[in-house]
Amino acid sequence: MPIEFANQGEIQDFPYANIIIDISHEKVDRPFQYKIPEKLRGQIDVGSCVKIPFGKGNVQRVGYVVELMNEPQCDPVKIKEIISLNDEELSPDALMVKLAARIHRRYGSTMINCLRTVIPVRKKVTALKHRYVSLLTDERQARDFYAGCVKRHQVARARLLEKLLEDPLERIPYEIITGKLNVTPAVIKALSDKGIVKVEIEDYYRNPVGDISAAKKEITLSPEQQNIADTIISEYDNEIRDTYLIHGITGSGKTEVYMELIDKMIKRGKQAIVLIPEIALTYQTLMRFYRHFGERVSVMNSTLSAGEKYDQALRAKNGDIDIIIGPRSALFTPFPNLGLIIIDEEHETSYKSETMPKYHAREVAIELAGIVPGGASVVLGSATPSLEAYYRAKNGTYKLFELNRRLTGGTLPEVEIADLRQELREGNRSIFSRSLQEKLQETLDAGHQAMLFINRRGLAGFVSCRSCGYVFKCPHCDVSMSEHRGGMLMCHYCGHTQPVSKICPECGSKYVTAFRAGTQQIENEVRKLYPKARVLRMDADTTRLKGSYEKILSSFAAEEADILVGTQMIVKGHDFPNVTLVGILAADMSLNAGDYRAAERTFQLLTQAAGRAGRGDKKGYVVIQSYQPDNYSVVTASQQDYKAFYEEEIEYRNLMKYPPVSHMLSVQIWAKNEDEGKEKANYIRAAIDRLFIDGAMIIGPAAASISRINDIYRMVIYVKHEDFDCLVRIRDEVSNLLDQLSKEGRLSGNIQVQFDFDPMQGF
Ligand code: ADP
Ligand code: ZN
Ligand code: ZN
């Protein structure tokens with residue numbers, strides 16, 4: 001049931017409060033009314049966290065006030081009283097409750113789940129101290145000591161000293177050293193015991209003058225950059241609140257524009273939220289913000305404890321900081337005067353929550369910007385904007401800015417596409433094309449580094465012809481099908497199946513196979529071909545342990561290896577100036593991921609991966625290996641031509657009515673019993689059909705792309721419609737229907753249904 005709330009934000013002597021109980025169960029997913037006792041009148045507001053008696057036994061529970069009322073909704077003698085304010089928790093602001101209600105309305109899930117999303121911080125703990133590490137000895141002594149560490153292969157010590165020596169007067173936050181730099185507290189202690197470094201402790205609330213900002217780099221914005229900043233700020237001053245998209249290649253100066261905008265906002269007494277994908281929260285990025293804004297900036301990330309997160313929220317609320325940087329959840333930082341939300345790398349899939357509520361940070365940011373007092377501006381930035389953002393920028397919903405030049409000099413890398421069909425025809429059965437082999441040898445000879453990237457996004461198991469590149473696609477949905485047991489090919493949108501053909505329908509060759517290749521295989525091959533090269537591998541296996549991701553990257557950055565082999569994890573964030581060669585081994589892999597975003601994802605990954613080569617002053621070279629060298633996402637990525645890609649891709653979306661041209665709702669069904677699941681899926685489909693919603697396109701039910709996990713069967717129905725609200729209506733109807741079934745005892749606990757709007761990943 002949709003919940004709309006009134007009276008938000010006015011604290012008055014209301015006698016009644018409607019409260020959402022902190023229990024996640026659909027049965028209690030509605031507000032319950034309570035009396036506000038005299039002693040609490042005027043103290044309770046929308047967003048207050050309170051203790052209340054609940055249920056038959058009047059068990060004490062915690063709840064959140066979502067609405068204040070003058071009138072009782074039933075016989076007043078039956079209404080229970082609030083016990084007290086719950087002091088142990090930070091109450092969400094009325095604003096955040098409103099935002100939770102919007103998320104609830106748009107994405108579903110229970111209201112308490114939505115409230116928990118906007119109030120990720122729950123437990124009060126004692127305030128944490130801020131610690132810094134800096135050099136204690138003079139620079140010369142530190143350098144001597146550093147040289148000694150290098151000689152003795154004390155890599156962690158060397159890494160820390162090297163950082164400190166970059167700017168001997170700088171203090172580096174302790175958390176950055178133990179986090180991004182991956183230096184353990186034991187190492188810091190050892191160096192501090194030897195009198196080489198010192199650790200300073202400061203109370204967060206003393207708000208010391210930021211020493212760090214002394215090192216601030218003075219930059220004059222280019223006319224293009226200045227124009228973007230000026231336009232956004234002058235619109236802001238003229239009461240225009242809008243969403244802006246900055247499309248600019250990596251290194252074109254977007255971050256400098258963000259910092260200029262934040263400066264201006266701070267001067268206006270406003271605060272800013274900067275969202276960055278977790279994986280891009282690198283040392284370099286963080287230090288740039290620390291240097292520029294000193295103590296006024298804080299970082300949120302998934303490694304913070306609940307207490308630390310609480311602390312951040314409190315500092316934001318109290319006005320001790322002006323800027324928070326962090327992933328998706330940083331959006332819910334309770335600033336009193338939010339003026340600006342920046343979303344960098346706006347196209348990243350991590351901005352979409354994969355757990356309930358399945359919200360998209362971009363959409364929620366825009367909602368938030370619309371409801372904060374005075375309104376806020378939203379700035380999106382990307383080198384490869386999502387189709388959504390660019391589409392809206394082109395049709396005027398957002399304002400578009402372009403930055404086309406790299407400001408640090410450095411030319412774009414030279415890109416070559418290696419045709420794997422040709423390789424096979426000429427007898428090369430290795431996973432490396434001859435050209436990549438040559439380039440690898442040259443790179444090793446020159447003492448430079450190489451990155452080999454296997455594009456493993458999406459599903460393995462699509463079937464193609466290795467001779468001509470033909471891929472088996474669904475005749476109805478135009479996405480690739482994948483191989484299932486019994487030699488059948490299946491489409492994960494509509495369920496269409498057909499037998500796998502042994503012979504290619506295009507060229508008649510018999511090299512028709514399901515595509516499978518992994519990082520391990522590549523590592524083995526590299527070791528065989530280049531026995532002297534030092535190889536590092538980064539994938540889900542080698543990064544399972546906490547900190548290992550950072551360890552591999554910093555080891556590669558320290559040039560302790562010549563070749564880094566990895567999945568998409570390696571293409572983001574870090575800059576390696578000594579990398580001159582990037583090899584992309586299976587560009588096709590993500591192209592055949594079996595969902596409508598496959599080409600977009602491929603273009604983004606290839607562009608990003610290619611951009612890793614030649615970041616320093618040496619020229620970069622990129623080899624993209626593909627069985628479909630003529631595919632537009634491969635070709636346009638090799639030319640770094642976003643617009644050309646967009647034009648092709650939007651035509652496809654338009655033809656098939658995929659987002660952003662339409663909206664899409666996926667109804668995801670989990671069932672312990674396959675037959676029961678199928679029956680209920682068909683039942684839901686029939687119910688949607690019966691609504692006769694004009695313009696709705698309904699497909700499925702079909703087996704999900706992962707059709708069974710832990711013996712739970714997964715099925716999916718897709719509905720496309722141009723009007724998002726029509727999809728919301730369908731979702732509400734289906735929910736009501738399921739509630740009804742459940743009340744009648746016709747829906748066992750063995751069936752679960754979830755909804756996902758404009759899905760980012762296949763299901
Ligand atoms: P992006 O965020 O688009 O990747 P950055 O803002 O990080 O780009 O800029 C890339 C590099 O260029 C950084 O080292 C930055 O300091 C530098 N840079 C950006 N703008 C200017 C400018 N106007 N003048 C000189 N250097 C600049
Ligand atoms: Zn063929
Ligand atoms: Zn299909």
# chains A, B, ... in the order shown; residues from 1 in each chain; ligands from 1
$ residues_around --residues "Asn318 of chain A" --least-positions-apart "3" --cutoff "10 Å" --atoms "only C-alpha atoms" --output "ChimeraX atom specification"
/A:205,312-315,321,334-336
$ select_by_dssp --residues "segment 338-537 of chain A" --states "alpha helix (DSSP H)" --output "ChimeraX atom specification"
/A:361-371,387-394,420-425,434-445,519-529
$ residues_near_ligand --ligand "ligand 1" --cutoff "10 Å" --atoms "only C-alpha atoms and all ligand atoms" --output "number ranges by chain"
A: 217-226, 246-259, 284-285, 288, 344-345, 381-383, 403-409, 573
$ closest_atom_pairs --of "chain A" --to "ligand 3" --cutoff "12 Å" --atoms "only C-alpha atoms and all ligand atoms" --output "CSV"
residue,atom,partner,partner_atom_place_in_ligand_line,distance
A:Phe472,CA,ligand 3,1 (Zn),11.3
A:Lys473,CA,ligand 3,1 (Zn),8.1
A:Cys474,CA,ligand 3,1 (Zn),4.7
A:Pro475,CA,ligand 3,1 (Zn),6.4
A:His476,CA,ligand 3,1 (Zn),4.7
A:Cys477,CA,ligand 3,1 (Zn),4.1
A:Asp478,CA,ligand 3,1 (Zn),6.8
A:Val479,CA,ligand 3,1 (Zn),7.0
A:Ser480,CA,ligand 3,1 (Zn),8.6
A:Met481,CA,ligand 3,1 (Zn),8.0
A:Ser482,CA,ligand 3,1 (Zn),11.2
A:Leu489,CA,ligand 3,1 (Zn),10.7
A:Met490,CA,ligand 3,1 (Zn),8.0
A:Cys491,CA,ligand 3,1 (Zn),4.7
A:His492,CA,ligand 3,1 (Zn),6.5
A:Tyr493,CA,ligand 3,1 (Zn),5.0
A:Cys494,CA,ligand 3,1 (Zn),4.1
A:Gly495,CA,ligand 3,1 (Zn),6.0
A:His496,CA,ligand 3,1 (Zn),5.4
A:Thr497,CA,ligand 3,1 (Zn),8.5
A:Gln498,CA,ligand 3,1 (Zn),11.0
A:Gly594,CA,ligand 3,1 (Zn),9.6
A:Asp595,CA,ligand 3,1 (Zn),10.1
A:Tyr596,CA,ligand 3,1 (Zn),10.9
A:Met656,CA,ligand 3,1 (Zn),11.3
A:Ile698,CA,ligand 3,1 (Zn),11.9
A:Ile699,CA,ligand 3,1 (Zn),8.5
A:Gly700,CA,ligand 3,1 (Zn),8.7
A:Pro701,CA,ligand 3,1 (Zn),10.8
A:Ala702,CA,ligand 3,1 (Zn),8.9
A:Ala703,CA,ligand 3,1 (Zn),10.9
A:Ala704,CA,ligand 3,1 (Zn),11.7
A:Ser705,CA,ligand 3,1 (Zn),11.6
A:Ile717,CA,ligand 3,1 (Zn),11.7
A:Tyr718,CA,ligand 3,1 (Zn),11.0
$ residues_near_ligand --ligand "ligand 2" --cutoff "10 Å" --atoms "only C-alpha atoms and all ligand atoms" --output "list in words"
Arg421, Ser464, Cys465, Arg466, Ser467, Cys468, Gly469, Tyr470, Val471, Ile503, Cys504, Pro505, Glu506, Cys507, Gly508, Ser509, Lys510, Tyr511 and Val512 of chain A
$ residues_around --residues "segment 690-693 of chain A" --least-positions-apart "6" --cutoff "9 Å" --atoms "only C-alpha atoms" --output "ChimeraX atom specification"
/A:726,730,733
$ write_last_selection --atoms "N, CA, C and O atoms" --output "compact mmCIF listing (two decimals), in the first residue's frame"
# COMPACT_ATOMS: atom_id res chain seq x y z
N CYS A 726 2.69 4.15 -14.48
CA CYS A 726 1.89 2.99 -14.87
C CYS A 726 2.52 1.72 -14.33
O CYS A 726 1.82 0.79 -13.91
N ILE A 730 1.04 -1.06 -11.74
CA ILE A 730 1.08 -2.51 -11.94
C ILE A 730 1.70 -3.19 -10.72
O ILE A 730 1.18 -4.18 -10.20
N GLU A 733 -0.79 -3.22 -7.91
CA GLU A 733 -1.85 -4.20 -8.15
C GLU A 733 -1.36 -5.62 -7.86
O GLU A 733 -2.04 -6.41 -7.24
$ residues_around --residues "segment 147-149 of chain A" --least-positions-apart "6" --cutoff "12 Å" --atoms "only C-alpha atoms" --output "PyMOL selection string"
chain A and resi 140-141+155-162+165+187+191
$ atom_distance --atom1 "atom CA of Ile103 of chain A" --atom2 "atom CA of Pro357 of chain A"
7.5 Å
$ select_by_dssp --residues "segment 443-682 of chain A" --states "strand (DSSP E)" --output "count of residues only"
49
$ residues_around --residues "Ile454 of chain A" --least-positions-apart "4" --cutoff "8 Å" --atoms "only C-alpha atoms" --output "VMD selection string"
chain A and resid 518 to 519 565 to 568 584 to 587
$ write_last_selection --atoms "N, CA and C atoms" --output "PDB file, in the first residue's frame"
ATOM      1  N   GLY A 518      38.877 -17.763 -18.355  1.00  0.00           N
ATOM      2  CA  GLY A 518      39.003 -17.143 -17.039  1.00  0.00           C
ATOM      3  C   GLY A 518      40.371 -16.543 -16.816  1.00  0.00           C
ATOM      4  N   THR A 519      40.494 -15.801 -15.716  1.00  0.00           N
ATOM      5  CA  THR A 519      41.744 -15.136 -15.391  1.00  0.00           C
ATOM      6  C   THR A 519      42.863 -16.130 -15.104  1.00  0.00           C
ATOM      7  N   VAL A 565      46.997  -9.218 -14.428  1.00  0.00           N
ATOM      8  CA  VAL A 565      45.892  -9.871 -15.122  1.00  0.00           C
ATOM      9  C   VAL A 565      44.654  -9.729 -14.253  1.00  0.00           C
ATOM     10  N   GLY A 566      43.533  -9.340 -14.822  1.00  0.00           N
ATOM     11  CA  GLY A 566      42.364  -9.230 -13.960  1.00  0.00           C
ATOM     12  C   GLY A 566      41.054  -9.008 -14.675  1.00  0.00           C
ATOM     13  N   THR A 567      40.010  -9.016 -13.875  1.00  0.00           N
ATOM     14  CA  THR A 567      38.660  -8.739 -14.364  1.00  0.00           C
ATOM     15  C   THR A 567      38.429  -7.234 -14.334  1.00  0.00           C
ATOM     16  N   GLN A 568      37.177  -6.818 -14.477  1.00  0.00           N
ATOM     17  CA  GLN A 568      36.899  -5.375 -14.528  1.00  0.00           C
ATOM     18  C   GLN A 568      37.375  -4.615 -13.307  1.00  0.00           C
ATOM     19  N   ILE A 584      42.893  -6.171 -23.991  1.00  0.00           N
ATOM     20  CA  ILE A 584      41.539  -6.550 -23.609  1.00  0.00           C
ATOM     21  C   ILE A 584      41.247  -7.860 -24.321  1.00  0.00           C
ATOM     22  N   LEU A 585      41.124  -8.934 -23.517  1.00  0.00           N
ATOM     23  CA  LEU A 585      41.195 -10.249 -24.125  1.00  0.00           C
ATOM     24  C   LEU A 585      39.923 -10.733 -24.769  1.00  0.00           C
ATOM     25  N   ALA A 586      38.801 -10.440 -24.171  1.00  0.00           N
ATOM     26  CA  ALA A 586      37.564 -10.930 -24.754  1.00  0.00           C
ATOM     27  C   ALA A 586      36.538  -9.822 -24.674  1.00  0.00           C
ATOM     28  N   ALA A 587      36.668  -8.911 -25.594  1.00  0.00           N
ATOM     29  CA  ALA A 587      35.763  -7.770 -25.604  1.00  0.00           C
ATOM     30  C   ALA A 587      34.321  -8.227 -25.766  1.00  0.00           C
TER      31      ALA A 587
END
$ residues_around --residues "Asn578 of chain A" --least-positions-apart "4" --cutoff "10 Å" --atoms "only C-alpha atoms" --output "PyMOL selection string"
chain A and resi 447-450+556-559+562+613-620
$ atom_distance --atom1 "atom CA of Arg131 of chain A" --atom2 "atom CA of Val199 of chain A"
6.6 Å
$ atom_distance --atom1 "atom CA of Leu340 of chain A" --atom2 "atom CA of Met265 of chain A"
7.3 Å
$ decode --residues "segment 534-563 of chain A" --atoms "C-alpha atoms" --output "compact mmCIF listing (two decimals), in the first residue's frame"
# COMPACT_ATOMS: atom_id res chain seq x y z
CA ARG A 534 56.40 -11.14 -12.87
CA VAL A 535 52.65 -11.63 -12.95
CA LEU A 536 49.90 -10.54 -10.56
CA ARG A 537 46.33 -11.68 -10.80
CA MET A 538 43.29 -9.84 -9.52
CA ASP A 539 39.84 -11.40 -9.55
CA ALA A 540 37.15 -12.54 -7.16
CA ASP A 541 39.42 -15.38 -5.98
CA THR A 542 42.51 -13.37 -5.19
CA THR A 543 40.63 -10.52 -3.53
CA ARG A 544 38.52 -12.54 -1.16
CA LEU A 545 40.58 -11.54 1.89
CA LYS A 546 40.07 -8.09 3.33
CA GLY A 547 42.73 -5.69 2.12
CA SER A 548 43.99 -7.93 -0.65
CA TYR A 549 42.50 -5.73 -3.35
CA GLU A 550 44.52 -2.76 -2.10
CA LYS A 551 47.57 -4.92 -1.62
CA ILE A 552 47.62 -6.12 -5.22
CA LEU A 553 47.10 -2.62 -6.57
CA SER A 554 49.77 -1.03 -4.43
CA SER A 555 52.19 -3.80 -5.25
CA PHE A 556 51.59 -3.25 -8.95
CA ALA A 557 51.89 0.51 -8.47
CA ALA A 558 55.26 -0.06 -6.75
CA GLU A 559 56.29 -1.90 -9.93
CA GLU A 560 56.74 -5.18 -8.09
CA ALA A 561 55.16 -6.90 -11.08
CA ASP A 562 55.29 -6.48 -14.85
CA ILE A 563 51.87 -7.76 -15.81
